[in-house]
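Below is one structure, written out as structure tokens; the observations come after it.
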Amino acid sequence: MIAPLSDPLPLRATTVWPDYETEAVIPWVFGRARVTPLRYDVSGRRYVLADHALAGVDGVTLDDLQIAGWGFNNGADSTGHACAFLELAEPPGTKKLAATVRGLSGNPADILAALGVRDDLQEFRLAMNQAGLTLGGALTQTMTRRAAIQFVIDQIGGCWSAGMPGYAALFPPSAADPTWATFGALDRGDVSFECALGDVVTRLVIPFDFDDSAGKNQQTVTLLAASASDYGERSFTLILPWVKTAREAAAVGQRWLEWRARPLWMLTFSAGPDARTIPPGGWIVLSGADSPIQGRAVVMDIDPGIGSGVVKIAAQAPAGAMPVITIAGTGQVLPALVTAYQLQQGVDTLTLTLTDAAGSLLPFAQVWIDDVGPQTADGSATLTLSAPPGRHTLRVEAPGKNPFTTEIEF
Amino acid sequence: MLMLTVTPLSGETHRYSARSVSGFHRPLNGEAASLTVTLDRDPDTDADWFAPALGAEATVYLDGDALINGVLARVQLDRTTITVGIEG
């Protein structure tokens, strides 16, 4: 049975369990991703990582620090549904728990198949393998099947249509793909070509590598088209949360920018009934002195004109030569600043040892307590503060690190 | 006489005779001033419009007086006419 694209994905929520901490979607995880485990029982030591079996768990962190006391197993929850479980040696308390996991196949074709699209995606799967595109991420929000498909396709800069051979492909289509029809000046009726400045993009910023646990993308790459000298620097942000490497982000962005860094002709015209078999996403060729496009264009929409005999085609193609694209910059989110502290017994003082997420010391870091300060740590990254017993707010700043604010109690 | 000039970011100013203008308005708040210029297609200048210099400085003159000075924002072609959108 084929499910409509307007149907929501059959994601389950924690409310299917007799006991749950918060109402949340139990995620589907594809490829490698960092997720927030969902508490499963009253002990605070058993968590669910995904609503299916996982290939493995690569690490578990508490407040961004790797911990050792954990185990992972695939099993069934109280409803008998397959889940992946995380067992902790100790409850995490108020610390933020996260896990890096390996989920279902990250091949975009396999993801589409898991979304219930179709099974005949072999050609698309092969194309993704050849392009070296593998995604990683977790579905943690309810959405329609159509929205989920579009999200996955957007991650690879692709296109999809039930009327397209192979269902999905990269966009624009491969140069090796066939030309479905040629239209000269006398083959087109009611022709109109249109392009707009708002569609031109010459600088593309791509945030990618989303961390579900942190709730933000971890890296960016910025591409610049040489055609900025002709059309000005026109910036756009293309968010690719499920793309994990700079190589893949740059490859998707380059293909995207090569198409968009120049005037993009959108054309519509009518044709005879022979054009009915042209699929969306297919190449056509335009010729004739009246056409600004001399060569290939991609069919974006086709009305086969059943009943009228007039086929209406919408297509697009960029004008001019393909611009040179260069990487203008890369960036990554600074690692979270993590503090550890010791309490000296019997006196109203607090000794902090300041480290980053990897446990490296942060000498000469500056600390504010209840907005009073700063006081500077010594070369061993330790600092002794005086404060009365109770709750206090600490703010820590260190060169090259994100400022960090936390509450402590002693 | 209606005239359109287009000066690309890199290149010389091109001049075109225009047939008509429409949609010229200058709202007090919100959108920028804009207008649409219609030109007849001409084999001698078609190539300029086949890869239009979107974002270029564009000025429309009526009898030598500038109606609007803005940027080339849209171009639409059909078999006989070129319709150019300018935003100021």
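We label chains A, B, ... in the order they appear in the structure tokens, count residues from 1 in each chain, and number ligands from 1 in the order shown.
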Please report as a tab-separated table every residue of chain B lying within 7 Å of chain A, along with the nearest atom pair and their distance in Å (one decimal), using only C-alpha atoms.
residue	atom	partner	partner_atom	distance
B:Pro8	CA	A:Asp230	CA	7.0
B:Leu9	CA	A:Asp230	CA	5.5
B:Ser10	CA	A:Asp230	CA	6.1
B:Phe50	CA	A:Pro292	CA	4.3
B:Ala51	CA	A:Ala319	CA	5.3
B:Pro52	CA	A:Pro263	CA	6.9
B:Ala53	CA	A:Tyr231	CA	6.9
B:Leu54	CA	A:Leu197	CA	5.4
B:Gly55	CA	A:Tyr231	CA	5.5
B:Ala73	CA	A:Leu197	CA	4.9
B:Arg74	CA	A:Ala196	CA	4.2
B:Val75	CA	A:Cys195	CA	5.5
B:Gln76	CA	A:Glu194	CA	4.2
B:Leu77	CA	A:Phe193	CA	5.0
B:Asp78	CA	A:Ser192	CA	4.8
B:Arg79	CA	A:Asp290	CA	6.3
Kindly save the residues from that selection, with N, CA and C atoms included, as a PDB file, in the first residue's frame.
ATOM      1  N   PRO B   8      26.715  48.241 -16.424  1.00  0.00           N
ATOM      2  CA  PRO B   8      27.115  47.074 -15.622  1.00  0.00           C
ATOM      3  C   PRO B   8      28.211  47.426 -14.623  1.00  0.00           C
ATOM      4  N   LEU B   9      28.360  46.554 -13.611  1.00  0.00           N
ATOM      5  CA  LEU B   9      29.410  46.781 -12.614  1.00  0.00           C
ATOM      6  C   LEU B   9      30.774  46.833 -13.286  1.00  0.00           C
ATOM      7  N   SER B  10      30.970  46.008 -14.297  1.00  0.00           N
ATOM      8  CA  SER B  10      32.217  46.051 -15.053  1.00  0.00           C
ATOM      9  C   SER B  10      31.832  46.183 -16.527  1.00  0.00           C
ATOM     10  N   PHE B  50      20.304  38.711 -23.533  1.00  0.00           N
ATOM     11  CA  PHE B  50      20.360  37.255 -23.376  1.00  0.00           C
ATOM     12  C   PHE B  50      21.148  36.857 -22.117  1.00  0.00           C
ATOM     13  N   ALA B  51      22.090  37.705 -21.715  1.00  0.00           N
ATOM     14  CA  ALA B  51      22.781  37.523 -20.427  1.00  0.00           C
ATOM     15  C   ALA B  51      22.713  38.866 -19.713  1.00  0.00           C
ATOM     16  N   PRO B  52      21.553  39.229 -19.220  1.00  0.00           N
ATOM     17  CA  PRO B  52      21.356  40.595 -18.720  1.00  0.00           C
ATOM     18  C   PRO B  52      22.220  40.906 -17.502  1.00  0.00           C
ATOM     19  N   ALA B  53      22.620  42.158 -17.424  1.00  0.00           N
ATOM     20  CA  ALA B  53      23.495  42.596 -16.328  1.00  0.00           C
ATOM     21  C   ALA B  53      22.657  42.917 -15.102  1.00  0.00           C
ATOM     22  N   LEU B  54      22.016  41.911 -14.552  1.00  0.00           N
ATOM     23  CA  LEU B  54      21.176  42.110 -13.359  1.00  0.00           C
ATOM     24  C   LEU B  54      22.015  42.758 -12.259  1.00  0.00           C
ATOM     25  N   GLY B  55      21.432  43.711 -11.576  1.00  0.00           N
ATOM     26  CA  GLY B  55      22.164  44.421 -10.532  1.00  0.00           C
ATOM     27  C   GLY B  55      22.894  45.650 -11.043  1.00  0.00           C
ATOM     28  N   ALA B  73      16.501  44.915 -12.115  1.00  0.00           N
ATOM     29  CA  ALA B  73      16.033  43.887 -11.186  1.00  0.00           C
ATOM     30  C   ALA B  73      15.391  42.696 -11.884  1.00  0.00           C
ATOM     31  N   ARG B  74      14.758  42.885 -13.036  1.00  0.00           N
ATOM     32  CA  ARG B  74      14.062  41.784 -13.735  1.00  0.00           C
ATOM     33  C   ARG B  74      14.114  42.017 -15.228  1.00  0.00           C
ATOM     34  N   VAL B  75      14.151  40.927 -15.955  1.00  0.00           N
ATOM     35  CA  VAL B  75      14.058  41.001 -17.421  1.00  0.00           C
ATOM     36  C   VAL B  75      13.120  39.905 -17.887  1.00  0.00           C
ATOM     37  N   GLN B  76      12.198  40.273 -18.754  1.00  0.00           N
ATOM     38  CA  GLN B  76      11.306  39.273 -19.349  1.00  0.00           C
ATOM     39  C   GLN B  76      11.334  39.457 -20.860  1.00  0.00           C
ATOM     40  N   LEU B  77      11.482  38.334 -21.556  1.00  0.00           N
ATOM     41  CA  LEU B  77      11.528  38.366 -23.017  1.00  0.00           C
ATOM     42  C   LEU B  77      10.385  37.561 -23.584  1.00  0.00           C
ATOM     43  N   ASP B  78       9.769  38.075 -24.664  1.00  0.00           N
ATOM     44  CA  ASP B  78       8.942  37.210 -25.502  1.00  0.00           C
ATOM     45  C   ASP B  78       9.399  37.458 -26.943  1.00  0.00           C
ATOM     46  N   ARG B  79       8.615  37.043 -27.890  1.00  0.00           N
ATOM     47  CA  ARG B  79       9.114  37.103 -29.265  1.00  0.00           C
ATOM     48  C   ARG B  79       9.342  38.527 -29.763  1.00  0.00           C
TER      49      ARG B  79
END
- request: Please give the complete set of residues from chain B that DSSP, run on the backbone, assigns to alpha helix (DSSP H), formatted as a PyMOL selection string.
  value: chain B and resi 46-50
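Interatomic distance, atom CA of Thr355 of chain A to atom CA of Leu49 of chain A: 28.1 Å.
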Among B:Leu28, B:Val6, B:Val37, B:Val21, Val71 of chain B is approached most closely, using only C-alpha atoms, by B:Val6
Residue with the minimum atom-to-atom distance to Gly215 of chain A, picked from A:Thr36, A:Ile149, A:Gly400, A:Thr277 with only C-alpha atoms counted, is A:Thr36
Query raised in the report: Got a sec: who's within 9 Å of segment 91-103 of chain A, counting only C-alpha atoms, leaving out chain neighbours fewer than 3 positions off, as a ChimeraX atom specification?
Result: /A:28-37,43-46,49-50,52-64,86,88,106,136-138,212-214
How would the residues just picked look written out with C-alpha atoms as a compact mmCIF listing (two decimals), in the first residue's frame?
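Listed below is the output, selection_1.txt:
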# COMPACT_ATOMS: atom_id res chain seq x y z
CA TRP A 28 15.00 7.85 13.62
CA VAL A 29 18.75 8.16 13.19
CA PHE A 30 20.55 7.95 9.85
CA GLY A 31 24.30 7.79 9.40
CA ARG A 32 26.44 9.15 12.22
CA ALA A 33 24.79 11.66 14.54
CA ARG A 34 24.99 13.07 18.04
CA VAL A 35 21.66 12.73 19.82
CA THR A 36 20.08 13.41 23.17
CA PRO A 37 19.11 10.12 24.85
CA SER A 43 16.33 4.72 37.83
CA GLY A 44 17.72 7.42 35.51
CA ARG A 45 20.27 4.95 34.18
CA ARG A 46 18.36 3.53 31.17
CA LEU A 49 18.68 6.41 21.69
CA ALA A 50 16.56 5.62 18.63
CA HIS A 52 15.07 1.25 15.85
CA ALA A 53 18.22 -0.80 16.22
CA LEU A 54 21.52 1.06 15.92
CA ALA A 55 24.76 -0.11 14.34
CA GLY A 56 26.72 1.19 17.31
CA VAL A 57 27.46 3.93 19.81
CA ASP A 58 30.81 5.69 19.45
CA GLY A 59 30.77 7.77 22.60
CA VAL A 60 28.75 9.22 25.43
CA THR A 61 29.28 12.62 27.05
CA LEU A 62 28.11 14.38 30.19
CA ASP A 63 28.35 18.16 29.86
CA ASP A 64 30.51 17.56 26.78
CA LEU A 86 21.84 3.18 26.55
CA LEU A 88 24.63 4.30 32.40
CA GLY A 106 23.16 7.40 5.57
CA GLY A 136 23.97 11.88 9.11
CA GLY A 137 21.19 13.14 11.34
CA ALA A 138 18.15 12.37 13.42
CA ASP A 212 21.14 17.42 17.68
CA SER A 213 22.32 17.43 21.25
CA ALA A 214 23.77 20.95 21.08
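Reported to one decimal place, the separation of atom CA of Ala169 of chain A from atom CA of Gln254 of chain A is 16.2 Å.
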Selection: 10 Å around Asp119 of chain A, only C-alpha atoms, excl. self and same-chain fewer than 6 positions, as a PyMOL selection string:
chain A and resi 109-110+112-113
Keeping N, CA, C and O atoms, export the residues of the selection given above as a compact mmCIF listing (two decimals), in the first residue's frame.
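Output saved as selection_35.txt:
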# COMPACT_ATOMS: atom_id res chain seq x y z
N ALA A 109 19.56 7.56 -0.77
CA ALA A 109 18.57 6.65 -1.37
C ALA A 109 17.99 5.73 -0.30
O ALA A 109 16.78 5.47 -0.28
N ASP A 110 18.83 5.26 0.60
CA ASP A 110 18.34 4.40 1.68
C ASP A 110 17.44 5.19 2.64
O ASP A 110 16.49 4.64 3.19
N LEU A 112 15.53 7.76 1.78
CA LEU A 112 14.23 7.90 1.10
C LEU A 112 13.44 6.60 1.20
O LEU A 112 12.22 6.62 1.42
N ALA A 113 14.11 5.47 1.04
CA ALA A 113 13.42 4.19 1.14
C ALA A 113 12.84 4.01 2.54
O ALA A 113 11.71 3.54 2.72
I'd like the contact shell of Val16 of chain A - 8 Å cut-off, only C-alpha atoms, skipping same-chain residues fewer than 3 positions apart - returned as a list in words. Arg12, Ala13 and Thr79 of chain A
Can I get the selected residues back with C-alpha atoms, as a CSV table (one decimal), in the first residue's frame?
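File part.csv, as written:
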chain,number,residue,atom,x,y,z
A,12,ARG,CA,6.4,7.6,17.7
A,13,ALA,CA,6.6,9.7,20.8
A,79,THR,CA,5.3,-2.0,23.6
Restricting to only C-alpha atoms, whichever of B:Asn69, B:Asp40, B:Glu12, B:Ile82 is closest to Phe24 of chain B is B:Asn69
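Here the question is which of A:Val201, A:Leu121, A:Leu126, A:Leu135 gets nearest to Ala168 of chain A using only C-alpha atoms, and that residue is A:Leu121.
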